[in-house]
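Pasted below: query-v9.cif, mmCIF, C-alpha atoms.
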data_data
loop_
_atom_site.label_atom_id
_atom_site.label_comp_id
_atom_site.auth_asym_id
_atom_site.auth_seq_id
_atom_site.Cartn_x
_atom_site.Cartn_y
_atom_site.Cartn_z
CA MET A 9 0.00 0.00 0.00
CA SER A 10 1.35 3.40 -0.99
CA LEU A 11 1.94 5.81 1.88
CA LEU A 12 0.65 8.95 0.17
CA VAL A 13 -1.81 9.21 -2.69
CA ALA A 14 -3.21 12.25 -4.48
CA ASP A 15 -5.94 11.15 -6.88
CA THR A 16 -7.14 13.60 -9.56
CA LEU A 17 -7.05 16.69 -7.33
CA THR A 18 -8.53 20.01 -8.38
CA LYS A 19 -8.10 23.22 -6.42
CA SER A 20 -8.68 26.87 -7.36
CA PHE A 21 -7.90 30.15 -5.71
CA GLY A 22 -10.76 32.46 -6.68
CA SER A 23 -11.12 32.04 -10.42
CA THR A 24 -7.53 30.84 -10.83
CA PRO A 25 -7.16 27.06 -11.07
CA ALA A 26 -4.04 25.77 -9.33
CA LEU A 27 -4.61 22.01 -9.69
CA ARG A 28 -6.48 20.48 -12.64
CA GLY A 29 -6.56 16.77 -11.94
CA ALA A 30 -3.16 16.22 -10.30
CA SER A 31 -2.32 12.66 -9.29
CA LEU A 32 0.74 11.40 -7.43
CA THR A 33 1.63 8.28 -5.48
CA VAL A 34 4.50 8.15 -3.00
CA GLU A 35 5.79 4.89 -1.57
CA ARG A 36 6.98 4.40 1.99
CA GLY A 37 10.61 5.49 2.44
CA GLU A 38 10.78 7.24 -0.93
CA ILE A 39 12.23 10.69 -1.47
CA VAL A 40 10.25 12.35 -4.25
CA ALA A 41 10.97 15.76 -5.75
CA VAL A 42 8.11 17.72 -7.30
CA MET A 43 9.44 20.14 -9.89
CA GLY A 44 7.83 22.72 -12.11
CA PRO A 45 7.90 26.41 -12.96
CA SER A 46 6.44 29.11 -10.71
CA GLY A 47 2.64 28.94 -10.67
CA SER A 48 2.52 25.35 -11.96
CA GLY A 49 0.68 24.14 -8.85
CA LYS A 50 3.49 22.18 -7.20
CA SER A 51 3.22 23.88 -3.80
CA THR A 52 -0.59 23.56 -3.86
CA LEU A 53 -0.18 19.82 -4.47
CA LEU A 54 2.12 19.58 -1.42
CA HIS A 55 -0.33 21.57 0.71
CA CYS A 56 -3.21 19.26 -0.34
CA LEU A 57 -1.20 16.10 0.39
CA ALA A 58 -0.22 17.51 3.79
CA GLY A 59 -3.84 18.27 4.70
CA ILE A 60 -3.24 22.02 4.83
CA PHE A 61 -5.52 22.71 1.85
CA THR A 62 -8.67 20.74 1.05
CA PRO A 63 -9.07 19.97 -2.66
CA GLU A 64 -12.37 20.80 -4.36
CA SER A 65 -12.47 17.35 -5.93
CA GLY A 66 -10.34 14.25 -5.91
CA GLU A 67 -9.02 12.24 -2.98
CA VAL A 68 -6.01 12.44 -0.66
CA TRP A 69 -4.91 9.28 1.15
CA PHE A 70 -2.29 8.79 3.85
CA ASP A 71 -1.40 5.30 5.11
CA GLY A 72 -4.62 3.79 3.77
CA ALA A 73 -7.02 6.44 5.14
CA ARG A 74 -8.70 9.45 3.54
CA VAL A 75 -7.29 12.82 4.59
CA ASP A 76 -9.35 15.34 2.62
CA THR A 77 -12.68 14.31 4.18
CA ARG A 78 -11.46 14.87 7.75
CA GLY A 79 -12.31 18.01 9.72
CA ASP A 80 -9.85 20.77 10.59
CA ARG A 81 -9.10 19.44 14.05
CA GLU A 82 -8.33 15.93 12.82
CA ARG A 83 -6.12 17.23 10.03
CA THR A 84 -4.26 19.49 12.47
CA ALA A 85 -3.63 16.49 14.73
CA LEU A 86 -2.40 14.47 11.74
CA ARG A 87 0.00 17.23 10.74
CA ARG A 88 1.35 17.49 14.28
CA THR A 89 1.89 13.77 14.81
CA ALA A 90 2.58 12.22 11.41
CA PHE A 91 4.01 15.03 9.30
CA GLY A 92 7.01 17.33 9.53
CA PHE A 93 7.54 20.52 7.54
CA VAL A 94 10.53 22.48 6.25
CA PHE A 95 9.77 25.66 4.35
CA GLN A 96 11.99 28.28 2.78
CA PHE A 97 11.21 30.86 5.46
CA GLY A 98 9.32 31.47 8.59
CA GLN A 99 8.49 28.32 10.43
CA LEU A 100 10.97 29.01 13.26
CA VAL A 101 10.01 31.34 16.11
CA PRO A 102 12.59 34.15 16.16
CA GLU A 103 12.13 34.98 19.85
CA LEU A 104 13.00 31.43 20.89
CA SER A 105 16.40 29.77 21.08
CA ALA A 106 17.43 26.97 18.71
CA VAL A 107 16.75 24.28 21.31
CA ASP A 108 13.37 25.88 22.20
CA ASN A 109 12.41 25.74 18.51
CA ILE A 110 13.28 22.07 18.17
CA ALA A 111 11.55 21.17 21.47
CA LEU A 112 8.39 23.13 20.58
CA PRO A 113 6.55 20.45 18.53
CA LEU A 114 7.13 17.95 21.35
CA LEU A 115 5.82 20.39 23.97
CA LEU A 116 2.74 21.11 21.81
CA ASP A 117 2.24 17.36 21.62
CA GLY A 118 2.14 17.08 25.42
CA VAL A 119 5.61 15.63 25.98
CA ARG A 120 7.02 16.55 29.42
CA ARG A 121 9.36 19.52 29.38
CA ARG A 122 12.47 17.69 30.56
CA THR A 123 11.98 14.86 28.07
CA ALA A 124 11.25 17.29 25.24
CA TYR A 125 14.45 19.27 25.86
CA ALA A 126 16.51 16.10 26.25
CA ARG A 127 15.25 14.82 22.89
CA ALA A 128 15.72 18.23 21.25
CA GLY A 129 19.28 18.45 22.63
CA GLU A 130 20.20 15.12 21.01
CA TRP A 131 19.68 16.66 17.57
CA PHE A 132 22.42 19.28 17.83
CA ALA A 133 25.32 16.90 17.26
CA ARG A 134 23.49 15.26 14.34
CA LEU A 135 22.83 18.65 12.80
CA GLY A 136 26.41 19.86 13.22
CA LEU A 137 25.14 22.59 15.57
CA ASP A 138 26.93 21.63 18.80
CA GLY A 139 27.17 24.59 21.20
CA LEU A 140 24.51 26.65 19.42
CA GLU A 141 21.55 25.42 21.48
CA GLY A 142 21.01 28.78 23.20
CA ARG A 143 21.29 31.00 20.11
CA ARG A 144 18.22 32.84 18.89
CA MET A 145 17.32 32.56 15.23
CA GLY A 146 18.73 36.00 14.38
CA GLU A 147 22.10 34.87 15.74
CA LEU A 148 22.34 31.93 13.35
CA SER A 149 23.39 31.88 9.68
CA GLY A 150 20.80 30.92 7.05
CA GLY A 151 22.26 27.41 6.76
CA GLN A 152 22.33 26.92 10.53
CA ALA A 153 18.71 28.10 10.80
CA GLN A 154 17.63 25.60 8.11
CA ARG A 155 19.40 22.84 10.03
CA VAL A 156 17.37 23.83 13.09
CA ALA A 157 14.26 23.68 10.86
CA VAL A 158 15.23 20.12 9.78
CA GLY A 159 15.63 19.14 13.45
CA ARG A 160 12.32 20.70 14.36
CA ALA A 161 10.57 18.89 11.51
CA LEU A 162 12.03 15.49 12.42
CA VAL A 163 12.07 15.58 16.25
CA THR A 164 8.56 14.10 16.42
CA LYS A 165 9.68 11.20 14.17
CA PRO A 166 7.09 11.96 11.47
CA ALA A 167 6.20 9.41 8.81
CA VAL A 168 6.41 12.09 6.11
CA LEU A 169 8.57 15.17 5.77
CA PHE A 170 7.16 17.85 3.47
CA ALA A 171 9.75 20.36 2.26
CA ASP A 172 8.89 23.39 0.11
CA GLU A 173 11.97 25.02 -1.46
CA PRO A 174 14.01 24.03 1.63
CA THR A 175 17.21 25.62 0.32
CA GLY A 176 15.63 28.46 -1.63
CA ALA A 177 17.16 31.15 0.56
CA LEU A 178 20.65 29.64 0.76
CA ASP A 179 23.77 29.90 -1.41
CA SER A 180 24.58 26.81 -3.47
CA LEU A 181 27.24 25.27 -1.21
CA THR A 182 25.19 25.83 1.97
CA GLY A 183 22.13 24.50 0.17
CA GLU A 184 24.02 21.33 -0.82
CA ASN A 185 25.14 20.84 2.78
CA VAL A 186 21.59 21.23 4.08
CA MET A 187 20.29 18.78 1.46
CA ASP A 188 23.06 16.27 2.30
CA LEU A 189 22.08 16.52 5.96
CA LEU A 190 18.36 16.29 5.23
CA VAL A 191 18.69 13.20 3.04
CA GLU A 192 21.11 11.46 5.44
CA THR A 193 18.83 12.16 8.40
CA VAL A 194 15.56 11.11 6.80
CA ARG A 195 17.18 7.88 5.56
CA ALA A 196 18.34 7.14 9.12
CA GLU A 197 14.85 7.94 10.46
CA GLY A 198 13.10 5.94 7.74
CA ALA A 199 10.90 8.91 6.83
CA THR A 200 9.24 9.47 3.48
CA VAL A 201 9.94 12.84 1.86
CA LEU A 202 8.13 15.07 -0.61
CA ILE A 203 10.27 18.02 -1.71
CA VAL A 204 8.87 20.83 -3.82
CA THR A 205 11.60 22.65 -5.69
CA HIS A 206 12.39 24.46 -8.91
CA ASP A 207 16.09 23.71 -8.33
CA ALA A 208 17.46 20.73 -10.28
CA ARG A 209 20.40 20.41 -7.84
CA VAL A 210 17.91 19.86 -5.00
CA ALA A 211 15.77 17.48 -7.06
CA ALA A 212 18.86 15.42 -7.91
CA HIS A 213 18.97 14.27 -4.28
CA ALA A 214 15.57 12.55 -4.67
CA ASP A 215 14.95 8.93 -5.63
CA ARG A 216 12.31 10.06 -8.10
CA ARG A 217 11.40 13.32 -9.77
CA VAL A 218 8.03 14.36 -11.10
CA THR A 219 7.08 17.52 -12.97
CA VAL A 220 3.95 19.57 -12.43
CA SER A 221 2.74 21.67 -15.34
CA ASP A 222 -0.53 23.61 -15.51
CA GLY A 223 -1.87 21.90 -12.42
CA LYS A 224 -1.15 18.31 -13.51
CA VAL A 225 1.64 15.86 -12.80
CA VAL A 226 2.97 15.35 -16.29
CA THR A 227 6.03 13.17 -15.87
CA GLY A 228 7.52 10.84 -13.36
CA VAL A 229 10.66 8.84 -13.81
CA ARG A 230 11.62 6.06 -11.45
CA VAL A 231 15.31 5.45 -10.89
CA MET B 11 26.81 16.82 -35.05
CA ASN B 12 25.19 13.85 -36.80
CA VAL B 13 25.37 14.99 -40.44
CA PRO B 14 23.76 11.87 -42.05
CA SER B 15 20.67 12.01 -39.80
CA THR B 16 20.43 15.76 -40.28
CA ILE B 17 20.50 15.37 -44.08
CA LEU B 18 17.85 12.65 -43.85
CA ALA B 19 15.63 14.86 -41.73
CA LEU B 20 16.04 17.76 -44.16
CA LEU B 21 15.09 15.44 -47.01
CA GLU B 22 12.01 14.11 -45.28
CA PRO B 23 9.43 16.81 -46.18
CA GLU B 24 10.05 16.55 -49.93
CA PRO B 25 12.52 15.17 -52.48
CA SER B 26 15.48 17.43 -53.09
CA HIS B 27 18.73 17.94 -54.99
CA GLY B 28 22.13 17.92 -53.34
CA TYR B 29 22.72 21.63 -53.78
CA GLU B 30 19.31 22.42 -52.22
CA LEU B 31 20.14 20.23 -49.25
CA LYS B 32 23.48 21.98 -48.81
CA HIS B 33 21.80 25.36 -49.00
CA GLU B 34 19.23 24.35 -46.41
CA TYR B 35 21.82 22.77 -44.11
CA ASP B 36 24.03 25.86 -44.22
CA HIS B 37 21.04 28.14 -43.69
CA TYR B 38 19.96 26.43 -40.47
CA PHE B 39 23.08 24.93 -39.00
CA ALA B 40 26.17 26.67 -40.38
CA VAL B 41 25.48 29.87 -38.43
CA SER B 42 28.79 29.52 -36.63
CA GLY B 43 30.58 29.61 -39.98
CA ARG B 44 31.23 25.97 -40.89
CA PRO B 45 29.27 25.25 -44.06
CA LEU B 46 28.88 21.69 -45.26
CA SER B 47 31.33 20.90 -48.05
CA PHE B 48 29.99 19.35 -51.26
CA GLY B 49 32.46 16.49 -50.82
CA HIS B 50 31.08 15.70 -47.38
CA LEU B 51 27.50 16.06 -48.60
CA TYR B 52 27.81 13.78 -51.65
CA GLY B 53 29.81 11.22 -49.68
CA THR B 54 27.02 11.20 -47.10
CA LEU B 55 24.27 10.94 -49.76
CA SER B 56 26.10 8.07 -51.39
CA ARG B 57 26.33 6.18 -48.05
CA LEU B 58 22.65 6.88 -47.27
CA GLU B 59 21.70 5.51 -50.71
CA ARG B 60 23.89 2.43 -50.18
CA ASP B 61 22.20 1.84 -46.79
CA GLY B 62 18.72 2.10 -48.29
CA GLN B 63 17.75 5.22 -46.36
CA ILE B 64 17.36 7.36 -49.48
CA SER B 65 16.87 6.57 -53.16
CA VAL B 66 17.32 8.48 -56.38
CA LEU B 67 13.99 9.68 -57.70
CA GLY B 68 15.36 10.59 -61.07
CA ALA B 69 18.24 12.29 -62.76
CA GLU B 70 17.97 15.27 -65.02
CA PRO B 71 19.79 15.17 -68.37
CA GLY B 72 23.51 15.73 -68.13
CA GLU B 73 26.15 14.44 -65.77
CA GLY B 74 27.31 15.04 -62.20
CA PRO B 75 25.83 14.42 -58.78
CA ASP B 76 23.93 17.74 -58.83
CA ARG B 77 21.52 16.29 -61.42
CA LYS B 78 20.15 13.64 -59.04
CA ARG B 79 16.98 14.16 -57.09
CA TYR B 80 16.84 12.24 -53.79
CA VAL B 81 13.88 10.94 -51.81
CA ILE B 82 13.83 9.49 -48.31
CA THR B 83 12.79 5.82 -47.94
CA PRO B 84 10.68 4.33 -45.10
CA ALA B 85 13.94 3.06 -43.57
CA GLY B 86 15.26 6.63 -43.68
CA VAL B 87 12.13 7.98 -41.98
CA SER B 88 12.54 5.36 -39.23
CA GLN B 89 16.12 6.47 -38.74
CA VAL B 90 15.02 10.12 -38.42
CA GLU B 91 12.27 9.13 -35.96
CA GLN B 92 14.70 7.17 -33.86
CA TRP B 93 17.41 9.83 -33.88
CA LEU B 94 15.09 12.70 -33.00
CA ALA B 95 13.30 10.75 -30.27
CA GLU B 96 16.42 9.41 -28.59
CA PRO B 97 17.74 11.75 -25.86
CA GLU B 98 21.35 12.80 -26.40
CA SER B 99 23.74 11.38 -23.84
CA PRO B 100 24.07 14.35 -21.47
CA GLN B 101 27.50 15.91 -21.75
CA PRO B 102 28.91 19.41 -21.60
CA MET B 103 28.35 21.55 -24.71
CA LEU B 104 25.69 19.42 -26.33
CA GLN B 105 23.43 22.42 -26.85
CA ALA B 106 24.35 22.58 -30.54
CA THR B 107 22.89 19.11 -31.17
CA LEU B 108 19.88 19.90 -29.00
CA TYR B 109 19.35 23.06 -31.01
CA VAL B 110 19.51 21.14 -34.28
CA LYS B 111 16.99 18.60 -32.99
CA VAL B 112 14.60 21.33 -31.86
CA VAL B 113 14.77 23.06 -35.24
CA LEU B 114 14.26 19.81 -37.15
CA ALA B 115 11.39 18.74 -34.91
CA LEU B 116 9.68 22.08 -35.56
CA LEU B 117 10.37 21.94 -39.31
CA SER B 118 8.89 18.44 -39.53
CA GLY B 119 5.87 19.22 -37.34
CA ARG B 120 6.98 16.85 -34.58
CA PRO B 121 6.32 17.60 -30.89
CA ALA B 122 9.46 19.53 -29.94
CA ALA B 123 8.19 20.11 -26.39
CA GLU B 124 7.97 16.36 -25.75
CA GLN B 125 11.45 15.90 -27.16
CA LEU B 126 12.81 18.60 -24.82
CA GLU B 127 10.95 17.09 -21.85
CA ALA B 128 12.55 13.69 -22.57
CA GLN B 129 15.91 15.44 -22.66
CA ARG B 130 15.14 17.23 -19.39
CA GLN B 131 14.39 13.90 -17.72
CA ALA B 132 17.62 12.40 -19.09
CA HIS B 133 19.53 15.37 -17.65
CA LEU B 134 17.80 15.07 -14.26
CA ASP B 135 18.59 11.36 -14.10
CA ARG B 136 22.25 12.05 -14.85
CA MET B 137 22.25 14.80 -12.19
CA HIS B 138 20.94 12.25 -9.69
CA GLU B 139 23.80 9.86 -10.55
CA LEU B 140 26.34 12.68 -10.20
CA THR B 141 24.82 13.72 -6.85
CA VAL B 142 25.28 10.17 -5.56
CA MET B 143 28.89 10.25 -6.83
CA ARG B 144 29.42 13.68 -5.24
CA LYS B 145 28.28 12.45 -1.84
CA ALA B 146 30.45 9.34 -1.98
CA GLY B 147 33.61 11.46 -2.38
CA PRO B 148 36.61 11.75 -2.11
CA LEU B 149 36.87 15.49 -2.81
CA ASP B 150 38.42 15.16 -6.29
CA ARG B 151 35.46 13.02 -7.37
CA THR B 152 33.10 15.44 -5.66
CA LEU B 153 34.59 18.33 -7.63
CA LEU B 154 34.38 16.33 -10.86
CA ALA B 155 30.73 15.57 -10.13
CA ASP B 156 30.11 19.25 -9.34
CA TYR B 157 31.66 20.19 -12.70
CA GLY B 158 29.18 17.93 -14.46
CA LEU B 159 26.27 19.09 -12.31
CA PHE B 160 26.84 22.76 -13.05
CA HIS B 161 27.06 22.11 -16.80
CA LEU B 162 23.91 20.02 -16.77
CA GLU B 163 22.17 22.70 -14.73
CA ALA B 164 23.09 25.26 -17.40
CA ASP B 165 21.69 22.95 -20.10
CA LEU B 166 18.48 22.63 -18.13
CA ARG B 167 18.10 26.40 -17.97
CA TRP B 168 18.51 26.51 -21.75
CA ILE B 169 15.94 23.71 -22.17
CA ASP B 170 13.41 25.49 -19.92
CA LEU B 171 13.93 28.78 -21.73
CA THR B 172 13.59 27.10 -25.14
CA VAL B 173 10.37 25.34 -24.11
CA SER B 174 8.90 28.72 -23.20
CA ARG B 175 9.89 30.10 -26.62
CA LEU B 176 8.98 27.15 -28.85
CA GLU B 177 5.88 28.71 -30.37
CA GLN B 178 7.74 31.91 -31.25
CA LEU B 179 10.62 29.88 -32.69
CA ARG B 180 8.22 27.76 -34.74
CA LYS B 181 6.63 30.89 -36.25
CA GLU B 182 10.02 32.31 -37.16
CA ILE B 183 11.58 29.25 -38.79
CA VAL B 184 8.74 27.32 -40.39
CA ARG B 185 8.16 28.65 -43.87
#

When written as structure tokens, how does the structure in this file appear?
Amino acid sequence: MSLLVADTLTKSFGSTPALRGASLTVERGEIVAVMGPSGSGKSTLLHCLAGIFTPESGEVWFDGARVDTRGDRERTALRRTAFGFVFQFGQLVPELSAVDNIALPLLLDGVRRRTAYARAGEWFARLGLDGLEGRRMGELSGGQAQRVAVGRALVTKPAVLFADEPTGALDSLTGENVMDLLVETVRAEGATVLIVTHDARVAAHADRRVTVSDGKVVTGVRV
Amino acid sequence: MNVPSTILALLEPEPSHGYELKHEYDHYFAVSGRPLSFGHLYGTLSRLERDGQISVLGAEPGEGPDRKRYVITPAGVSQVEQWLAEPESPQPMLQATLYVKVVLALLSGRPAAEQLEAQRQAHLDRMHELTVMRKAGPLDRTLLADYGLFHLEADLRWIDLTVSRLEQLRKEIVR
């Protein structure tokens, strides 16, 4: 059974169609890159698969169960427990330290404070961020901040990591390092990954690449 | 540059004489200043005829290779199909061949966008292989892989740009 399925999704914003029958299947443990030009619908597809947007028609399945028919509260719970997210900007809280940011999803999930901080602290060596636990986001470089974002996304041991242009704000060498770390870490954790990117260097890290054009998945090549 | 397949593709729309083929070849593909020599052209035509990919439709009175009128055979059309459809092995500086294929696909009414998409996928697959090589190291191999990756990335930018301009290009070159 495939872990994630998008079946003939349509979604519009006002009168502008973003998805026009997009279908995609992702197997457990796969790293899939979704490519396509700006406005092709690739980010909307990710948001539908992650239960952030509800498609107007079509079906979204995760681990054998429908996602799109669930209510807001259920989808929020699913996102918090089963999914992790890395975006280009903005998902880290600037007023909090690096370790606070990584511990936050665990605290929101009801994990005891001491346990949450112990688990968050374990990530710093893996992320190459030893000694930076107490730094606030503004005191970290772009690459360091994205490493914190990777830690925060994976600390809850999600089944799926959704990444939208995860290196979009970084220079090419820093971006490569973040992608190397992301791929190495998700392989070790056994997570499945969906990466949305327009960057071929980022997509080259994936096991499989698909292209979205005019709201449809038009190609997919297995390697 | 695959001159025999290019000549075949130029011959596909209608039968033609050698000098017309040379004129057409030079017009489209000798922009950088290397026209096709008559020796090369007639040697190529002779080999294509020997291999059954073209045949002589008729010769006008008089002597000399310029009097012959050539027509592509079904075997020649298959060869053109196969050559145009097959992605080029990704390598630095292959844009010239890609460009020729795009022009010929447009001239023959074939789907140039699909051809470029197949090429894009071939490039992305090669980039994946090079990324695996890059991660495995050591640094000299990583740098070699990076060299390939940057070149392929540049090709991809050209492919994406060309896809967005195909319709305009078709209007300009198709007579």

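In chain B, the set of residues within 7 Å of chain A (atoms considered: only C-alpha atoms) is Leu134, Met137, His138, Thr141 and Glu163 of chain B.
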
* Asked: Which residues come within 9 Å of region 119-130 of chain A, counting only C-alpha atoms, excluding same-chain residues fewer than 4 positions away, as a list of chain:residue names?
  ->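 Surrounding residues, per the criterion: A:Val107, A:Asp108, A:Asn109, A:Ile110, A:Ala111, A:Leu112, A:Pro113, A:Leu114, A:Leu115, A:Arg134, A:Glu141, A:Gly159, A:Arg160, A:Val163.
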
Grab the residues selected above and save them as a PDB file, in the coordinates of the input with C-alpha atoms.
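File written: result_25.pdb
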ATOM      1  CA  VAL A 107      16.750  24.280  21.310  1.00  0.00           C
ATOM      2  CA  ASP A 108      13.370  25.880  22.200  1.00  0.00           C
ATOM      3  CA  ASN A 109      12.410  25.740  18.510  1.00  0.00           C
ATOM      4  CA  ILE A 110      13.280  22.070  18.170  1.00  0.00           C
ATOM      5  CA  ALA A 111      11.550  21.170  21.470  1.00  0.00           C
ATOM      6  CA  LEU A 112       8.390  23.130  20.580  1.00  0.00           C
ATOM      7  CA  PRO A 113       6.550  20.450  18.530  1.00  0.00           C
ATOM      8  CA  LEU A 114       7.130  17.950  21.350  1.00  0.00           C
ATOM      9  CA  LEU A 115       5.820  20.390  23.970  1.00  0.00           C
ATOM     10  CA  ARG A 134      23.490  15.260  14.340  1.00  0.00           C
ATOM     11  CA  GLU A 141      21.550  25.420  21.480  1.00  0.00           C
ATOM     12  CA  GLY A 159      15.630  19.140  13.450  1.00  0.00           C
ATOM     13  CA  ARG A 160      12.320  20.700  14.360  1.00  0.00           C
ATOM     14  CA  VAL A 163      12.070  15.580  16.250  1.00  0.00           C
TER      15      VAL A 163
END

Just say which residues the PyMOL selection byres ((chain A and resi 92) around 6) picks in this file, as a CSV table (one decimal) with C-alpha atoms, in the frame of the given file.
chain,number,residue,atom,x,y,z
A,91,PHE,CA,4.0,15.0,9.3
A,93,PHE,CA,7.5,20.5,7.5
A,161,ALA,CA,10.6,18.9,11.5
A,166,PRO,CA,7.1,12.0,11.5
A,169,LEU,CA,8.6,15.2,5.8

* To do: Calculate how many Å separate CA of Val13 (chain B) from CA of Leu67 (chain B), rounding to one decimal.
  =>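 Going from CA of Val13 (chain B) over to CA of Leu67 (chain B) covers 21.3 Å.
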
* What is the distance, in Å and to one decimal place, between CA of Leu86 (chain A) and CA of Ile39 (chain A)? -> 20.1 Å

* On this structure, which residues satisfy the PyMOL selection byres ((chain B and resi 62) around 9), written as a list in words? ->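 So the PyMOL selection byres ((chain B and resi 62) around 9), applied here, picks out Arg57, Leu58, Glu59, Arg60, Asp61, Gln63, Ile64, Ser65, Ile82, Thr83, Pro84, Ala85 and Gly86 of chain B.
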
* Interatomic distance between CA of Ser23 (chain A) and CA of Leu57 (chain A)? -> 21.7 Å

* **Among listed residues A:Met43, A:Ala199, A:Leu11, A:Ala106, nearest Arg74 (chain A) (using all atoms listed in the file)** => A:Leu11

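The smallest atom-to-atom distance between Ser105 (chain A) and any of A:Arg83, A:Arg144, A:Arg88, A:Arg78, using all atoms listed in the file, is found for A:Arg144.
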
* Selection result for the PyMOL selection byres ((chain B and resi 103-120) around 6) on this file, as number ranges by chain -> B: 11, 102, 121-122, 180, 184

* **Contacts of Arg36 (chain A) at 10 Å (all atoms listed in the file; same-chain gap of 6+ positions) as JSON, numbers by chain** => {"A": [9, 10, 11, 12, 71, 167, 168, 198, 199, 200, 201]}

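Distance check against Leu20 (chain B) using only C-alpha atoms: of B:Val66, B:Leu149, B:Val90, B:Leu46, the minimum falls on B:Val90.
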
If you count only C-alpha atoms, which residues fall within 12 Å of region 178-182 of chain A, apart from same-chain ones fewer than 6 positions away, as a compact mmCIF listing (two decimals) with C-alpha atoms, in the frame of the given file?
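As a result, part14.txt now contains:
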# COMPACT_ATOMS: atom_id res chain seq x y z
CA GLN A 96 11.99 28.28 2.78
CA PHE A 97 11.21 30.86 5.46
CA SER A 149 23.39 31.88 9.68
CA GLY A 150 20.80 30.92 7.05
CA GLY A 151 22.26 27.41 6.76
CA GLN A 152 22.33 26.92 10.53
CA ALA A 153 18.71 28.10 10.80
CA GLN A 154 17.63 25.60 8.11
CA ARG A 155 19.40 22.84 10.03
CA ASP A 188 23.06 16.27 2.30
CA LEU A 189 22.08 16.52 5.96
CA ASP A 207 16.09 23.71 -8.33
CA ALA A 208 17.46 20.73 -10.28
CA ARG A 209 20.40 20.41 -7.84
CA VAL A 210 17.91 19.86 -5.00
CA LEU B 153 34.59 18.33 -7.63
CA ASP B 156 30.11 19.25 -9.34
CA LEU B 159 26.27 19.09 -12.31
CA PHE B 160 26.84 22.76 -13.05

* Select, counting only C-alpha atoms, all protein, DNA and RNA residues no farther than 7 Å from (15.8, 25.0, 4.9) in file coordinates, and express the selection as a list in words. => Val94, Phe95, Gln96, Gln154, Arg155, Ala157, Val158, Pro174, Thr175 and Val186 of chain A

* Can you work out which one of A:Ser20, A:Leu54, A:Leu104, A:Glu67 has the shortest atom-to-atom distance to Val40 (chain A), counting only C-alpha atoms? => A:Leu54
